[in-house]
Every structure is written in C-alpha cells, then in structure tokens.
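See below for the structure under consideration.
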Amino acid sequence: MEFKNREDTRPVKLFFQDEARFGRIDNIGSRWVPPGGRAKVGKQIIRQYTYLYGAFCPETGENCTLILPCANSDCMDIFLEEFSSQFPGYRIVMCMDRASWHGNGITRNIVPLFLPAHSPELNPAENVWHYIRESGGFKNRTFNSMDEVEDCLCNAVTNLLADRETVKSITAYPWIKKIFKVI
C-alpha cells in the first residue's frame, strides 16, 4: 500500500475500524446465584438502536469511538472526520470491512485497507463490541429508554478509552503482530 505523498514524514499507525448496534433488546446471559436461588432478569424486545463507531490500535491501545444514530455513509464520514482530527500527526492505515458505506469519505491522513468479504473474525474490533456487551453493563439489563442505553454506552466507552492495556489485549491478534510487526 502506498501513500500518495511520499514526502510525508508522519509516522504510520494501524487501526481496525468497525461499528456495532446497541439497543433495547435485552442481552440475557448466565449469572451466578446462591444455591437454591433463582436469577431474575427482565426480557423485552423493543427495536430501538444506536450505533457505536470505533477504531482501535493494537499496538498502543489508542482508540476513537463515536455514538451515531445509524450506519450509513453520512455517519461514517462524521466518524472519519472526528478520527482524523484526533490523530492529525499520523498517516493512518485503517483496516475495515467492506460495508457499503465505508470508503466514501476517506480523509487526507487515512488510507483504507479492506478486509476480505464475510470475515468478521479478522477484525479485532468485533471482540471490542463483545467485551463492551459483556462487561459494560449491557448483560442482563433492561433499558427503559434510549437515553439509558446511550448513558451505559458512554460509561463503557469512557472506561475503555482510559484502559489502553485492555484494548491492546483484545485487539493484538497473533497474526497482526506477525504480519504488521507491531507490539
């Protein structure tokens, strides 16, 4: 992959990008209860969602996330602009899936690297979403409004932003370390 401006001396940084849907459909899972006890959890199917866009660096644990109302080209452009403004001192290689809304608004310091079609297992951002759902307050919880969902999501993302070691442990797949020689 080549950057158009060979005289650009900014360092290159690798990020993996994805977006995930969070909403009011309950995520029921197992939980521990004392012997003879029974867990009580709510169950509802309300189809209201918001989307969390994120990009994660396996080498440093740096990340950028943004909660947006839907998954489309306009929201992706907003995310890329915000991401680009947070990392202006780098040339970014951004690995992402082949969603139809990816790649339209690539900014001056981002070069896309598209993963093979139908291969979510190659994108470590998918495991970040799993981590947020499991440890970010979404499991066995009923949300009464989208404001509650977004508050919970903001708390989970804030904790993740502060914990770069966790991001590195989730995203630094062995093949990424080997191929890209990071970490």
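Following the order of the structure tokens, chains are lettered A, B, ..., residues in each are numbered from 1, and ligands are numbered from 1.
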
Let's see if you can do this: from backbone DSSP, list all strand (DSSP E or B) residues in range 55-84 of chain A, as a list in words.
Ala55, Phe56, Asn63, Cys64, Thr65, Leu66, Ile67 and Leu68 of chain A

Keeping only N, CA, C and O atoms, write those residues as a PDB file, in the first residue's frame.
```pdb
ATOM      1  N   ALA A  55     -12.533   2.794  16.252  1.00  0.00           N
ATOM      2  CA  ALA A  55     -11.283   2.386  15.615  1.00  0.00           C
ATOM      3  C   ALA A  55     -10.276   2.168  16.729  1.00  0.00           C
ATOM      4  O   ALA A  55     -10.181   2.983  17.662  1.00  0.00           O
ATOM      5  N   PHE A  56      -9.512   1.060  16.630  1.00  0.00           N
ATOM      6  CA  PHE A  56      -8.657   0.621  17.718  1.00  0.00           C
ATOM      7  C   PHE A  56      -7.276   0.270  17.197  1.00  0.00           C
ATOM      8  O   PHE A  56      -7.151  -0.417  16.186  1.00  0.00           O
ATOM      9  N   ASN A  63      -7.687   4.552  20.894  1.00  0.00           N
ATOM     10  CA  ASN A  63      -8.948   4.304  20.216  1.00  0.00           C
ATOM     11  C   ASN A  63      -9.757   5.568  20.102  1.00  0.00           C
ATOM     12  O   ASN A  63      -9.532   6.534  20.824  1.00  0.00           O
ATOM     13  N   CYS A  64     -10.674   5.545  19.189  1.00  0.00           N
ATOM     14  CA  CYS A  64     -11.594   6.650  18.944  1.00  0.00           C
ATOM     15  C   CYS A  64     -12.962   6.034  18.752  1.00  0.00           C
ATOM     16  O   CYS A  64     -13.124   5.103  17.948  1.00  0.00           O
ATOM     17  N   THR A  65     -13.932   6.502  19.506  1.00  0.00           N
ATOM     18  CA  THR A  65     -15.294   5.995  19.370  1.00  0.00           C
ATOM     19  C   THR A  65     -16.268   7.149  19.273  1.00  0.00           C
ATOM     20  O   THR A  65     -16.004   8.245  19.769  1.00  0.00           O
ATOM     21  N   LEU A  66     -17.382   6.881  18.626  1.00  0.00           N
ATOM     22  CA  LEU A  66     -18.406   7.901  18.446  1.00  0.00           C
ATOM     23  C   LEU A  66     -19.762   7.210  18.359  1.00  0.00           C
ATOM     24  O   LEU A  66     -19.920   6.236  17.626  1.00  0.00           O
ATOM     25  N   ILE A  67     -20.726   7.693  19.132  1.00  0.00           N
ATOM     26  CA  ILE A  67     -22.087   7.165  19.083  1.00  0.00           C
ATOM     27  C   ILE A  67     -22.862   7.980  18.055  1.00  0.00           C
ATOM     28  O   ILE A  67     -22.941   9.196  18.152  1.00  0.00           O
ATOM     29  N   LEU A  68     -23.428   7.276  17.076  1.00  0.00           N
ATOM     30  CA  LEU A  68     -24.173   7.932  15.999  1.00  0.00           C
ATOM     31  C   LEU A  68     -25.501   7.203  15.792  1.00  0.00           C
ATOM     32  O   LEU A  68     -25.637   6.033  16.144  1.00  0.00           O
TER      33      LEU A  68
END
```

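With only C-alpha atoms taken into account, the protein and nucleic acid residues at most 12 Å from Ser145 in chain A (excluding it and anything under 5 positions from it in its own chain) are Gly23, Arg24, Ile25, Gln44, Ile46, Arg47, Gln48, Tyr49, Thr50, Glu150, Asp151 and Cys152 of chain A.
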
Shortest interatomic distance to Phe143 in chain A - which of A:Tyr90, A:Phe22, A:Phe79, A:Pro174, counting only C-alpha atoms:
A:Phe22

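Residue nearest Thr9 in chain A within the list A:Arg91, A:Asp163, A:Pro69, A:Glu81: A:Arg91 [criterion: smallest interatomic distance, only C-alpha atoms].
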
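Between CA of Arg98 in chain A and CA of Ile176 in chain A the interatomic distance comes to 18.8 Å.
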
Would you mind listing what lies within 9 Å of Leu113 in chain A as a list in words, with only C-alpha atoms counted and same-chain residues fewer than 3 positions away left out?
Met1, Val93, Met94, Cys95, Met96 and Asp97 of chain A

Backbone-only DSSP, alpha helix (DSSP H) members of range 104-133 of chain A, as a count of residues only:
9

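Between Asp74 in chain A and the residues A:Lys178, A:Gly137, A:Thr107, A:His102, the shortest atom-to-atom distance, using only C-alpha atoms, involves A:His102.
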